[in-house]
$ cat my_file_15.txt   # compact mmCIF, C-alpha atoms
# COMPACT_ATOMS: atom_id res chain seq x y z
CA MET R 97 1.06 -37.28 -12.23
CA THR R 98 3.21 -38.24 -9.22
CA PRO R 99 6.65 -39.83 -9.33
CA GLY R 100 5.50 -42.57 -6.96
CA ARG R 101 3.66 -43.32 -3.78
CA PRO R 102 5.23 -43.06 -0.32
CA PRO R 103 5.95 -46.27 1.57
CA ALA R 104 3.15 -47.59 3.70
CA ARG R 105 5.16 -47.70 6.90
CA PRO R 106 8.60 -46.86 8.30
CA ALA R 107 11.10 -49.57 9.04
CA SER R 108 14.50 -50.15 10.51
CA ALA R 109 16.93 -48.10 12.54
CA PRO R 110 19.55 -46.05 10.70
CA GLU R 111 22.64 -47.69 9.31
CA PRO R 112 26.10 -46.87 10.68
CA ASP R 113 28.34 -44.50 8.77
CA PRO R 114 30.26 -46.05 5.87
CA THR R 115 34.04 -46.00 5.99
CA ALA R 116 35.45 -43.25 3.83
CA ASP R 117 39.12 -42.51 3.32
CA GLN R 118 40.54 -39.25 4.65
CA ALA R 119 40.81 -37.77 1.18
CA THR R 120 37.07 -38.20 0.77
CA LYS R 121 36.37 -36.64 4.15
CA ASP R 122 38.62 -33.70 3.39
CA ALA R 123 37.13 -32.94 -0.02
CA MET R 124 35.62 -29.46 0.04
CA SER R 125 33.33 -27.40 -2.12
CA ASN R 126 33.49 -23.60 -2.42
CA ALA R 127 30.88 -23.13 0.31
CA THR R 128 32.02 -21.19 3.38
CA THR R 129 31.50 -22.57 6.87
CA VAL R 130 31.56 -20.61 10.12
CA SER R 131 33.04 -22.64 12.99
CA PRO R 132 30.44 -24.11 15.33
CA ALA R 133 30.04 -22.82 18.84
CA HIS R 134 29.42 -26.25 20.31
CA SER R 135 30.41 -29.84 19.67
CA ALA R 136 29.34 -31.47 16.40
CA SER R 137 26.96 -33.78 18.26
CA THR R 138 24.90 -30.91 19.74
CA ALA R 139 25.53 -27.94 17.44
CA SER R 140 22.91 -26.61 15.06
CA THR R 141 23.89 -25.77 11.50
CA LEU R 142 22.16 -23.50 9.02
CA ILE R 143 22.72 -24.18 5.32
CA THR R 144 21.45 -21.08 3.55
CA ASN R 145 21.50 -19.33 0.17
CA ILE R 146 20.12 -22.51 -1.46
CA ALA R 147 18.80 -21.75 -4.94
CA SER R 148 16.53 -24.81 -5.05
CA LEU R 149 15.85 -27.28 -2.25
CA VAL R 150 14.33 -30.72 -2.89
CA THR R 151 12.48 -31.85 0.24
CA ASN R 152 10.29 -34.64 -1.23
CA ASP R 153 7.45 -33.27 0.91
CA PRO R 154 4.80 -31.42 -1.15
CA SER R 155 3.48 -29.69 1.96
CA LEU R 156 6.80 -27.92 2.52
CA GLY R 157 7.29 -26.52 -0.96
CA ASP R 158 5.55 -26.01 -4.27
CA ASN R 159 2.99 -28.81 -3.86
CA SER R 160 4.87 -30.98 -6.35
CA PRO R 161 6.10 -34.45 -5.27
CA LEU R 162 9.61 -32.97 -4.91
CA GLY R 163 8.38 -30.30 -2.51
CA LEU R 164 10.68 -27.71 -4.09
CA ILE R 165 11.54 -24.58 -2.12
CA GLN R 166 13.29 -21.71 -3.90
CA ASP R 167 15.70 -19.38 -2.09
CA ALA R 168 15.72 -21.86 0.75
CA ALA R 169 17.56 -22.83 3.91
CA VAL R 170 17.88 -25.97 6.05
CA VAL R 171 18.68 -26.30 9.75
CA ILE R 172 20.45 -29.40 11.04
CA GLU R 173 20.46 -30.29 14.74
CA GLY R 174 22.62 -33.27 15.61
CA ASP R 175 21.94 -35.93 13.00
CA ARG R 176 18.45 -34.72 12.04
CA ILE R 177 16.74 -32.07 9.97
CA ALA R 178 15.19 -29.51 12.34
CA TRP R 179 13.73 -26.95 9.92
CA THR R 180 13.38 -26.13 6.21
CA GLY R 181 11.93 -23.08 4.52
CA ASP R 182 12.52 -19.61 3.10
CA HIS R 183 16.07 -18.52 3.97
CA ARG R 184 14.77 -15.16 5.24
CA LYS R 185 12.80 -16.95 7.97
CA ALA R 186 15.59 -19.24 9.17
CA PRO R 187 16.15 -19.43 12.94
CA ALA R 188 19.46 -18.61 14.60
CA THR R 189 22.01 -21.43 14.75
CA ASP R 190 25.52 -22.11 16.04
CA ASN R 191 26.96 -22.79 12.64
CA ARG R 192 26.40 -21.43 9.14
CA VAL R 193 27.11 -22.73 5.64
CA ASP R 194 26.61 -20.60 2.54
CA ALA R 195 25.45 -22.84 -0.32
CA GLY R 196 26.40 -20.16 -2.83
CA GLY R 197 23.19 -20.29 -4.86
CA ARG R 198 23.44 -24.02 -5.47
CA ALA R 199 20.84 -26.80 -5.30
CA VAL R 200 20.45 -29.13 -2.32
CA LEU R 201 18.63 -32.46 -2.39
CA PRO R 202 18.41 -35.52 -0.16
CA GLY R 203 21.34 -37.90 -0.24
CA PHE R 204 20.79 -40.66 -2.78
CA VAL R 205 19.41 -43.97 -1.51
CA ASP R 206 21.02 -46.83 -3.45
CA SER R 207 18.71 -49.71 -2.64
CA HIS R 208 20.35 -52.40 -4.80
CA SER R 209 24.08 -53.17 -4.96
CA HIS R 210 26.49 -56.11 -4.85
CA LEU R 211 29.67 -54.73 -3.25
CA VAL R 212 31.22 -57.74 -1.50
CA PHE R 213 33.23 -59.33 -4.28
CA ALA R 214 36.71 -59.80 -5.66
CA GLY R 215 38.12 -60.02 -9.15
CA ASP R 216 37.49 -58.27 -12.42
CA ARG R 217 35.37 -59.09 -15.48
CA THR R 218 36.86 -56.66 -17.97
CA GLN R 219 37.32 -59.39 -20.57
CA GLU R 220 33.66 -60.42 -20.31
CA PHE R 221 32.53 -56.81 -20.74
CA ASN R 222 34.84 -56.32 -23.71
CA ALA R 223 33.54 -59.48 -25.35
CA ARG R 224 29.92 -58.48 -24.73
CA MET R 225 30.49 -55.05 -26.26
CA SER R 226 31.92 -56.92 -29.25
CA GLY R 227 28.69 -58.85 -29.76
CA ARG R 228 28.37 -61.62 -27.18
CA PRO R 229 25.06 -61.40 -25.23
CA TYR R 230 25.04 -61.28 -21.43
CA SER R 231 23.96 -64.36 -19.48
CA ALA R 232 23.80 -65.20 -15.78
CA GLY R 233 26.73 -67.61 -16.14
CA GLY R 234 29.25 -64.80 -15.77
CA ILE R 235 28.51 -64.68 -12.05
CA ARG R 236 30.52 -67.88 -11.64
CA THR R 237 33.73 -66.00 -12.52
CA THR R 238 33.21 -63.62 -9.62
CA VAL R 239 32.27 -66.47 -7.29
CA ALA R 240 35.62 -68.13 -7.88
CA ALA R 241 37.54 -64.90 -7.25
CA THR R 242 35.52 -64.04 -4.14
CA ARG R 243 36.00 -67.45 -2.57
CA ALA R 244 39.76 -67.12 -3.10
CA ALA R 245 39.97 -63.61 -1.60
CA SER R 246 40.88 -62.85 1.99
CA ASP R 247 38.59 -60.98 4.36
CA GLU R 248 40.98 -58.03 4.16
CA GLU R 249 40.75 -57.93 0.37
CA LEU R 250 36.96 -58.02 0.43
CA GLU R 251 36.83 -55.34 3.11
CA ALA R 252 39.15 -53.11 1.10
CA ASN R 253 36.93 -53.45 -1.96
CA VAL R 254 33.78 -52.57 -0.03
CA THR R 255 35.45 -49.54 1.53
CA ARG R 256 36.71 -48.35 -1.84
CA TYR R 257 33.34 -48.51 -3.56
CA LEU R 258 31.52 -46.93 -0.63
CA ALA R 259 33.90 -43.97 -0.65
CA GLU R 260 33.42 -43.70 -4.41
CA ALA R 261 29.63 -43.68 -4.01
CA LEU R 262 29.74 -41.19 -1.15
CA ARG R 263 31.66 -38.70 -3.28
CA GLN R 264 28.76 -38.93 -5.76
CA GLY R 265 26.09 -38.20 -3.16
CA THR R 266 25.01 -41.66 -1.97
CA THR R 267 24.34 -41.57 1.77
CA THR R 268 22.36 -44.81 2.21
CA PHE R 269 22.93 -48.09 0.45
CA GLU R 270 21.80 -51.69 0.49
CA THR R 271 24.24 -54.45 -0.43
CA LYS R 272 24.07 -58.20 -0.86
CA SER R 273 26.01 -61.40 -0.53
CA GLY R 274 25.78 -63.79 -3.47
CA TYR R 275 29.36 -64.25 -4.63
CA GLY R 276 30.38 -66.87 -2.07
CA LEU R 277 27.64 -69.50 -2.40
CA THR R 278 29.04 -71.63 0.41
CA VAL R 279 27.92 -71.42 4.03
CA GLU R 280 31.21 -69.91 5.15
CA ASP R 281 31.63 -67.48 2.25
CA GLU R 282 28.07 -66.18 2.33
CA ALA R 283 28.23 -65.63 6.09
CA ARG R 284 31.54 -63.76 5.90
CA ALA R 285 30.25 -61.56 3.07
CA LEU R 286 27.31 -60.53 5.23
CA ARG R 287 29.52 -59.91 8.25
CA ILE R 288 31.68 -57.58 6.15
CA ALA R 289 28.65 -55.79 4.71
CA ALA R 290 27.02 -55.41 8.13
CA ALA R 291 30.01 -53.41 9.34
CA HIS R 292 28.93 -50.67 6.91
CA THR R 293 25.12 -50.79 6.68
CA ASP R 294 22.02 -52.20 8.30
CA GLU R 295 20.53 -52.73 4.84
CA VAL R 296 22.17 -56.13 4.31
CA THR R 297 20.66 -58.76 2.03
CA TYR R 298 21.26 -62.51 2.02
CA LEU R 299 21.51 -63.62 -1.63
CA GLY R 300 22.68 -67.20 -1.34
CA ALA R 301 20.24 -67.84 -4.20
CA HIS R 302 22.15 -65.83 -6.80
CA ILE R 303 22.90 -68.83 -9.01
CA VAL R 304 23.38 -72.55 -8.49
CA PRO R 305 27.16 -72.83 -8.10
CA PRO R 306 29.15 -75.27 -10.27
CA ASP R 307 29.69 -77.68 -7.38
CA HIS R 308 25.89 -78.18 -7.15
CA ALA R 309 25.09 -78.01 -10.86
CA GLU R 310 24.03 -81.65 -11.02
CA ASP R 311 21.62 -81.34 -8.09
CA PRO R 312 19.99 -77.89 -7.83
CA ALA R 313 17.43 -79.17 -5.31
CA ARG R 314 20.28 -79.98 -2.94
CA TYR R 315 21.55 -76.43 -3.24
CA VAL R 316 18.09 -74.99 -2.55
CA ALA R 317 17.99 -77.15 0.58
CA LEU R 318 21.36 -75.71 1.63
CA VAL R 319 20.22 -72.11 0.99
CA THR R 320 17.06 -72.63 3.04
CA GLY R 321 18.79 -74.65 5.76
CA GLU R 322 22.36 -74.52 7.01
CA MET R 323 23.31 -71.45 4.96
CA LEU R 324 20.24 -69.52 6.11
CA ASP R 325 21.01 -70.41 9.72
CA ALA R 326 24.52 -68.98 9.36
CA CYS R 327 23.46 -65.87 7.46
CA ALA R 328 20.20 -64.75 9.05
CA PRO R 329 21.85 -63.10 12.09
CA HIS R 330 23.77 -60.72 9.80
CA ALA R 331 20.99 -59.69 7.38
CA ARG R 332 17.73 -57.78 7.24
CA TRP R 333 16.60 -58.97 3.79
CA ILE R 334 16.55 -62.12 1.66
CA ASP R 335 16.76 -62.05 -2.13
CA VAL R 336 16.68 -64.54 -5.00
CA PHE R 337 17.53 -64.30 -8.71
CA CYS R 338 14.30 -65.63 -10.21
CA GLU R 339 15.30 -66.16 -13.84
CA LYS R 340 15.97 -68.80 -16.45
CA GLY R 341 19.43 -70.16 -15.69
CA ALA R 342 19.09 -69.28 -12.01
CA PHE R 343 15.99 -70.17 -9.89
CA ASP R 344 12.45 -70.88 -11.07
CA GLY R 345 9.29 -69.65 -9.40
CA ASP R 346 8.79 -72.66 -7.12
CA GLN R 347 12.41 -72.58 -5.96
CA ALA R 348 12.24 -68.82 -5.41
CA ARG R 349 9.05 -69.13 -3.35
CA ALA R 350 10.60 -71.81 -1.14
CA ILE R 351 13.72 -69.70 -0.57
CA LEU R 352 11.89 -66.46 0.22
CA THR R 353 9.34 -68.22 2.43
CA ALA R 354 12.13 -69.83 4.44
CA GLY R 355 13.76 -66.45 4.86
CA LYS R 356 10.51 -64.87 6.05
CA ALA R 357 10.21 -67.60 8.67
CA ARG R 358 13.62 -66.52 9.99
CA GLY R 359 12.65 -62.85 10.12
CA LEU R 360 14.20 -61.75 6.80
CA HIS R 361 11.97 -59.70 4.54
CA PRO R 362 11.88 -60.56 0.79
CA ARG R 363 13.26 -58.66 -2.17
CA ILE R 364 13.61 -60.31 -5.57
CA HIS R 365 15.56 -60.04 -8.83
CA ALA R 366 12.52 -60.21 -11.09
CA ASN R 367 11.90 -60.27 -14.84
CA GLN R 368 15.32 -59.00 -15.86
CA LEU R 369 16.22 -61.21 -18.80
CA SER R 370 12.80 -62.58 -19.76
CA TYR R 371 9.15 -62.71 -18.80
CA GLY R 372 8.64 -64.86 -15.72
CA PRO R 373 6.97 -65.32 -12.34
CA GLY R 374 9.25 -63.00 -10.36
CA VAL R 375 7.03 -59.91 -10.15
CA GLN R 376 3.89 -61.86 -9.29
CA LEU R 377 5.83 -63.73 -6.60
CA ALA R 378 7.16 -60.47 -5.19
CA VAL R 379 3.63 -59.11 -4.81
CA GLU R 380 2.32 -62.40 -3.41
CA LEU R 381 4.97 -62.37 -0.66
CA ASP R 382 4.78 -58.61 0.00
CA ALA R 383 8.40 -58.15 -1.09
CA ALA R 384 9.74 -54.67 -0.45
CA SER R 385 10.93 -54.48 -4.05
CA ALA R 386 10.96 -56.30 -7.36
CA ASP R 387 14.25 -55.34 -8.97
CA HIS R 388 14.99 -54.92 -12.71
CA CYS R 389 11.38 -55.28 -14.01
CA THR R 390 12.49 -55.15 -17.63
CA HIS R 391 10.02 -57.65 -19.14
CA LEU R 392 6.52 -57.06 -17.74
CA THR R 393 3.05 -58.14 -18.75
CA ASP R 394 0.03 -55.93 -18.14
CA ALA R 395 -0.83 -58.25 -15.24
CA ASP R 396 2.61 -57.65 -13.73
CA VAL R 397 2.18 -53.88 -13.93
CA ASP R 398 -1.31 -54.09 -12.42
CA ALA R 399 -0.06 -56.29 -9.59
CA LEU R 400 2.71 -53.81 -8.73
CA ALA R 401 0.32 -50.85 -8.90
CA ASN R 402 -2.00 -52.50 -6.38
CA SER R 403 0.69 -53.52 -3.91
CA ARG R 404 3.31 -52.09 -1.57
CA THR R 405 6.09 -53.62 -3.67
CA VAL R 406 8.38 -51.04 -5.28
CA ALA R 407 9.66 -51.53 -8.82
CA THR R 408 13.40 -50.86 -8.56
CA LEU R 409 14.85 -50.03 -11.97
CA LEU R 410 18.56 -50.50 -12.62
CA PRO R 411 19.53 -48.71 -15.85
CA GLY R 412 23.24 -49.37 -15.37
CA ALA R 413 22.56 -53.01 -16.17
CA GLU R 414 20.87 -52.22 -19.47
CA PHE R 415 23.61 -49.76 -20.35
CA SER R 416 26.33 -52.33 -19.65
CA THR R 417 24.62 -55.23 -21.42
CA ARG R 418 22.93 -53.41 -24.33
CA ALA R 419 19.65 -54.93 -23.21
CA ALA R 420 16.17 -53.46 -23.64
CA TRP R 421 15.44 -50.56 -21.28
CA PRO R 422 12.74 -50.95 -18.62
CA ASP R 423 9.66 -48.88 -19.47
CA ALA R 424 9.53 -46.53 -16.51
CA ARG R 425 6.85 -44.41 -18.15
CA ARG R 426 4.49 -47.39 -18.30
CA LEU R 427 5.02 -48.12 -14.60
CA LEU R 428 4.64 -44.52 -13.47
CA ASP R 429 1.51 -43.96 -15.51
CA ALA R 430 -0.01 -47.04 -13.87
CA GLY R 431 0.71 -45.67 -10.38
CA VAL R 432 3.60 -47.98 -9.50
CA THR R 433 6.14 -46.71 -6.96
CA VAL R 434 9.51 -46.64 -8.75
CA ALA R 435 13.03 -46.57 -7.32
CA LEU R 436 16.30 -46.04 -9.20
CA SER R 437 19.47 -47.78 -8.12
CA THR R 438 22.92 -48.63 -9.48
CA ASP R 439 23.03 -52.45 -9.23
CA CYS R 440 26.76 -51.90 -8.72
CA ASN R 441 28.42 -55.24 -9.45
CA PRO R 442 31.48 -56.39 -11.41
CA GLY R 443 29.62 -58.14 -14.21
CA SER R 444 26.57 -56.34 -15.51
CA SER R 445 26.59 -52.83 -13.98
CA PHE R 446 29.97 -51.72 -12.69
CA THR R 447 28.95 -48.22 -11.69
CA SER R 448 28.49 -46.68 -8.25
CA SER R 449 27.07 -43.44 -9.69
CA VAL R 450 23.43 -42.68 -8.96
CA PRO R 451 23.70 -39.42 -10.96
CA PHE R 452 24.68 -41.48 -14.00
CA CYS R 453 21.62 -43.69 -13.48
CA VAL R 454 19.40 -40.60 -13.15
CA ALA R 455 20.67 -39.35 -16.52
CA LEU R 456 20.07 -42.75 -18.15
CA ALA R 457 16.55 -42.96 -16.74
CA VAL R 458 15.67 -39.56 -18.16
CA ARG R 459 17.29 -40.15 -21.54
CA ASP R 460 16.26 -43.75 -22.20
CA MET R 461 13.50 -44.84 -19.80
CA GLY R 462 10.89 -42.13 -20.23
CA MET R 463 11.29 -40.45 -16.85
CA THR R 464 11.24 -36.71 -16.25
CA PRO R 465 14.14 -35.21 -14.26
CA ASP R 466 11.78 -34.70 -11.30
CA GLU R 467 10.63 -38.33 -11.39
CA ALA R 468 14.17 -39.67 -11.66
CA VAL R 469 15.42 -37.61 -8.70
CA TRP R 470 12.41 -38.62 -6.58
CA SER R 471 13.00 -42.28 -7.46
CA ALA R 472 16.71 -42.07 -6.56
CA THR R 473 15.92 -40.57 -3.15
CA ALA R 474 12.43 -41.11 -1.74
CA GLY R 475 11.85 -44.05 -4.11
CA GLY R 476 14.96 -45.79 -2.84
CA ALA R 477 13.80 -45.18 0.72
CA ALA R 478 10.44 -46.75 -0.15
CA ALA R 479 12.26 -49.81 -1.54
CA LEU R 480 13.88 -50.15 1.89
CA ARG R 481 10.60 -49.36 3.68
CA ARG R 482 12.18 -46.34 5.33
CA THR R 483 10.70 -42.89 5.97
CA ASP R 484 13.66 -41.42 7.86
CA ILE R 485 15.83 -41.05 4.73
CA GLY R 486 15.33 -39.87 1.16
CA ARG R 487 13.64 -36.61 2.19
CA LEU R 488 14.62 -33.36 3.88
CA THR R 489 11.83 -32.89 6.39
CA PRO R 490 11.94 -32.18 10.14
CA GLY R 491 12.82 -35.38 11.97
CA ALA R 492 14.43 -37.11 8.99
CA TYR R 493 18.14 -37.87 8.99
CA ALA R 494 20.30 -34.97 7.86
CA ASP R 495 21.59 -36.64 4.68
CA LEU R 496 22.08 -33.91 2.07
CA THR R 497 23.79 -33.51 -1.28
CA LEU R 498 24.98 -30.11 -2.51
CA LEU R 499 25.22 -29.75 -6.30
CA ASP R 500 27.50 -27.35 -8.12
CA ALA R 501 24.41 -26.29 -10.09
CA PRO R 502 21.29 -24.23 -9.42
CA SER R 503 18.83 -27.09 -9.94
CA HIS R 504 18.52 -30.86 -9.57
CA VAL R 505 17.63 -30.96 -13.29
CA HIS R 506 21.35 -30.55 -14.04
CA LEU R 507 21.88 -34.18 -12.99
CA ALA R 508 20.30 -35.16 -16.32
CA TYR R 509 21.05 -31.93 -18.20
CA ARG R 510 24.83 -32.28 -17.65
CA PRO R 511 25.42 -36.07 -17.71
CA GLY R 512 28.84 -37.30 -16.73
CA VAL R 513 29.85 -34.03 -15.05
CA PRO R 514 30.89 -34.41 -11.37
CA LEU R 515 28.31 -32.00 -9.95
CA VAL R 516 28.32 -33.16 -6.31
CA SER R 517 30.32 -30.58 -4.35
CA GLY R 518 29.27 -31.41 -0.81
CA VAL R 519 27.69 -34.26 1.15
CA TRP R 520 26.35 -34.34 4.70
CA ARG R 521 25.62 -37.67 6.29
CA ARG R 522 23.80 -37.91 9.62
CA GLY R 523 24.47 -34.20 10.05
CA GLN R 524 28.21 -34.35 9.46
CA ARG R 525 29.92 -33.05 6.37
CA VAL R 526 31.79 -35.97 4.77
CA VAL R 527 32.56 -34.54 1.33

$ encode --input "my_file_15.txt" --output "structure tokens"
Amino acid sequence: MTPGRPPARPASAPEPDPTADQATKDAMSNATTVSPAHSASTASTLITNIASLVTNDPSLGDNSPLGLIQDAAVVIEGDRIAWTGDHRKAPATDNRVDAGGRAVLPGFVDSHSHLVFAGDRTQEFNARMSGRPYSAGGIRTTVAATRAASDEELEANVTRYLAEALRQGTTTFETKSGYGLTVEDEARALRIAAAHTDEVTYLGAHIVPPDHAEDPARYVALVTGEMLDACAPHARWIDVFCEKGAFDGDQARAILTAGKARGLHPRIHANQLSYGPGVQLAVELDAASADHCTHLTDADVDALANSRTVATLLPGAEFSTRAAWPDARRLLDAGVTVALSTDCNPGSSFTSSVPFCVALAVRDMGMTPDEAVWSATAGGAAALRRTDIGRLTPGAYADLTLLDAPSHVHLAYRPGVPLVSGVWRRGQRVV
């Protein structure tokens, strides 16, 4: 059984480095580094004495989907992986890092987040944990706070959560608009996001805002017209929350089709709160991912298994809402490509920790540790239609996470423990 299928084709250029505060950049593990002989842009670096290396390339390791290599080493040249293999066969380099018998795996690829927002929904969470069920209406609270926030406040929030995620091993992330819901506020959210990543998603169709509640069709026309015109230059993707209380199948199709006409590729919030048309629509439109996938019919599973669309599972949302868990085992057994992501947002999944989501997926969604790690790395890359991230193979970006543990299995075996002791992003050590 394989954790998932690789993406059918590579996609966009790499995203720029996220902003991380100096404390994050200065954080060090116990590994020892020998000073490079050349500049960081041209120097080669050997990371050796790796107990277990996850490459996500079966041909490089033990023939498993993770491509595990024991007693391994990695060579970085510039921002790319140049070599992986047995540490005894490693070539000479300018620079050397001793991993100290720890595990190394690709940096996590968080392919679903909502980081451009303001405000806090602690009271809503507290009420929900006291027995009130979650509904999409809570988004309106964040919309009001986000509209009232300055650009500087929104930028500070994004920077904070990116630094937080980086310390936990996330080296690539996607993030969305969706908390402005006016032409001006959606466009500024995307401008702020685009300063940190190329994986930017226009989500003007998050909910129908209160000021359009009496005429949803008018809001759909805005999302597919003037708002799309303002937002398309800043985004790569278009998304829609296809759900009762948000947008129905016909509205979602119109929105995603309009986005495709402007060069934005579809993703979709599908089948989170109830059975619905979202997954079938995602497959119909060749969406890169159908996200949540909690309530699926056999036809939905079959459609995903016979498509390029990745099922992105977001266990933080189920944890934070006490909702039913997605059945990852059912999807994997059917041959569906699965990604794991945080869904970091202030209402239903306020976590930036991919390791936490890996532990949840293993404990409550029927995934093995190998499957969960693959889905949080190569699976996330597939959900972004990327082949240059999520794996440690020659030519891929040198995005690596060093664990203070001998194996990637410890991410689920030791839940809640801060195991990430080093992070390299585009060949540079940032944690």

$ closest_atom_pairs --input "my_file_15.txt" --of "stretch 170-247 of chain R" --to "stretch 290-313 of chain R" --cutoff "10 Å" --atoms "all atoms listed in the file" --output "Markdown table"
| residue | atom | partner | partner_atom | distance |
| --- | --- | --- | --- | --- |
| R:Ser207 | CA | R:Glu295 | CA | 8.3 |
| R:His208 | CA | R:Thr297 | CA | 9.3 |
| R:Ser209 | CA | R:Thr297 | CA | 9.6 |
| R:His210 | CA | R:Thr297 | CA | 9.4 |
| R:Ala232 | CA | R:Ile303 | CA | 7.7 |
| R:Gly233 | CA | R:Ile303 | CA | 8.2 |
| R:Ile235 | CA | R:Ile303 | CA | 7.6 |
| R:Arg236 | CA | R:Pro305 | CA | 7.0 |
| R:Val239 | CA | R:Pro305 | CA | 8.2 |
| R:Ala240 | CA | R:Pro305 | CA | 9.7 |

$ atom_distance --input "my_file_15.txt" --atom1 "atom CA of R:Leu427" --atom2 "atom CA of R:Arg404"
13.7 Å

$ atom_distance --input "my_file_15.txt" --atom1 "atom CA of R:Arg332" --atom2 "atom CA of R:Gly274"
14.7 Å

$ atom_distance --input "my_file_15.txt" --atom1 "atom CA of R:Ser449" --atom2 "atom CA of R:Gly412"
9.1 Å

$ closest_residue --input "my_file_15.txt" --among "R:Ser385, R:Leu488, R:Pro442, R:Ala378" --to "R:Arg217" --atoms "only C-alpha atoms"
R:Pro442

$ residues_around --input "my_file_15.txt" --residues "R:Trp421" --least-positions-apart "2" --cutoff "9 Å" --atoms "only C-alpha atoms" --output "PyMOL selection string"
chain R and resi 390+411+414-415+418-419+423-424+457+460-461

$ residues_around --input "my_file_15.txt" --residues "stretch 162-164 of chain R" --least-positions-apart "5" --cutoff "7 Å" --atoms "all atoms listed in the file" --output "ChimeraX atom specification"
/R:148-157,466,470

$ closest_residue --input "my_file_15.txt" --among "R:Thr144, R:Gln219, R:Gln347, R:Ser444" --to "R:Leu369" --atoms "all atoms listed in the file"
R:Ser444

$ residues_near_point --input "my_file_15.txt" --point "(14.3, -63.0, -2.6)" --cutoff "9 Å" --atoms "only C-alpha atoms" --output "CSV table (one decimal) with C-alpha atoms, in the frame of the given file"
chain,number,residue,atom,x,y,z
R,297,THR,CA,20.7,-58.8,2.0
R,298,TYR,CA,21.3,-62.5,2.0
R,299,LEU,CA,21.5,-63.6,-1.6
R,301,ALA,CA,20.2,-67.8,-4.2
R,333,TRP,CA,16.6,-59.0,3.8
R,334,ILE,CA,16.6,-62.1,1.7
R,335,ASP,CA,16.8,-62.0,-2.1
R,336,VAL,CA,16.7,-64.5,-5.0
R,337,PHE,CA,17.5,-64.3,-8.7
R,338,CYS,CA,14.3,-65.6,-10.2
R,348,ALA,CA,12.2,-68.8,-5.4
R,349,ARG,CA,9.0,-69.1,-3.4
R,351,ILE,CA,13.7,-69.7,-0.6
R,352,LEU,CA,11.9,-66.5,0.2
R,353,THR,CA,9.3,-68.2,2.4
R,355,GLY,CA,13.8,-66.4,4.9
R,361,HIS,CA,12.0,-59.7,4.5
R,362,PRO,CA,11.9,-60.6,0.8
R,363,ARG,CA,13.3,-58.7,-2.2
R,364,ILE,CA,13.6,-60.3,-5.6
R,365,HIS,CA,15.6,-60.0,-8.8
R,378,ALA,CA,7.2,-60.5,-5.2
R,383,ALA,CA,8.4,-58.2,-1.1
R,386,ALA,CA,11.0,-56.3,-7.4

$ residues_around --input "my_file_15.txt" --residues "R:Val254" --least-positions-apart "5" --cutoff "10 Å" --atoms "all atoms listed in the file" --output "count of residues only"
15

$ residues_around --input "my_file_15.txt" --residues "stretch 512-519 of chain R" --least-positions-apart "3" --cutoff "7 Å" --atoms "all atoms listed in the file" --output "short mmCIF file (atom, residue, chain, number, x, y, z; two decimals) with C-alpha atoms, in the frame of the given file"
data_model
loop_
_atom_site.label_atom_id
_atom_site.label_comp_id
_atom_site.auth_asym_id
_atom_site.auth_seq_id
_atom_site.Cartn_x
_atom_site.Cartn_y
_atom_site.Cartn_z
CA MET R 124 35.62 -29.46 0.04
CA SER R 125 33.33 -27.40 -2.12
CA GLN R 264 28.76 -38.93 -5.76
CA GLY R 265 26.09 -38.20 -3.16
CA PHE R 452 24.68 -41.48 -14.00
CA LEU R 496 22.08 -33.91 2.07
CA THR R 497 23.79 -33.51 -1.28
CA LEU R 498 24.98 -30.11 -2.51
CA LEU R 499 25.22 -29.75 -6.30
CA ASP R 500 27.50 -27.35 -8.12
CA ALA R 501 24.41 -26.29 -10.09
CA ARG R 525 29.92 -33.05 6.37
CA VAL R 526 31.79 -35.97 4.77
CA VAL R 527 32.56 -34.54 1.33
#

$ closest_residue --input "my_file_15.txt" --among "R:Thr267, R:Gln368, R:Ser403, R:Arg426" --to "R:Leu381" --atoms "all atoms listed in the file"
R:Ser403

$ decode --input "my_file_15.txt" --residues "stretch 202-206 of chain R" --atoms "N, CA, C and O atoms" --output "PDB file, in the first residue's frame"
ATOM      1  N   PRO R 202      11.994  15.976   4.802  1.00  0.00           N
ATOM      2  CA  PRO R 202      11.710  17.213   4.075  1.00  0.00           C
ATOM      3  C   PRO R 202      10.954  18.201   4.954  1.00  0.00           C
ATOM      4  O   PRO R 202      10.186  17.815   5.851  1.00  0.00           O
ATOM      5  N   GLY R 203      11.169  19.490   4.706  1.00  0.00           N
ATOM      6  CA  GLY R 203      10.351  20.483   5.382  1.00  0.00           C
ATOM      7  C   GLY R 203       8.879  20.244   5.092  1.00  0.00           C
ATOM      8  O   GLY R 203       8.501  19.819   3.996  1.00  0.00           O
ATOM      9  N   PHE R 204       8.029  20.512   6.076  1.00  0.00           N
ATOM     10  CA  PHE R 204       6.600  20.298   5.894  1.00  0.00           C
ATOM     11  C   PHE R 204       6.036  21.277   4.868  1.00  0.00           C
ATOM     12  O   PHE R 204       6.462  22.434   4.785  1.00  0.00           O
ATOM     13  N   VAL R 205       5.063  20.810   4.107  1.00  0.00           N
ATOM     14  CA  VAL R 205       4.375  21.630   3.105  1.00  0.00           C
ATOM     15  C   VAL R 205       2.943  21.827   3.587  1.00  0.00           C
ATOM     16  O   VAL R 205       2.118  20.910   3.518  1.00  0.00           O
ATOM     17  N   ASP R 206       2.651  23.007   4.108  1.00  0.00           N
ATOM     18  CA  ASP R 206       1.319  23.319   4.633  1.00  0.00           C
ATOM     19  C   ASP R 206       0.503  23.939   3.510  1.00  0.00           C
ATOM     20  O   ASP R 206       0.631  25.130   3.214  1.00  0.00           O
TER      21      ASP R 206
END
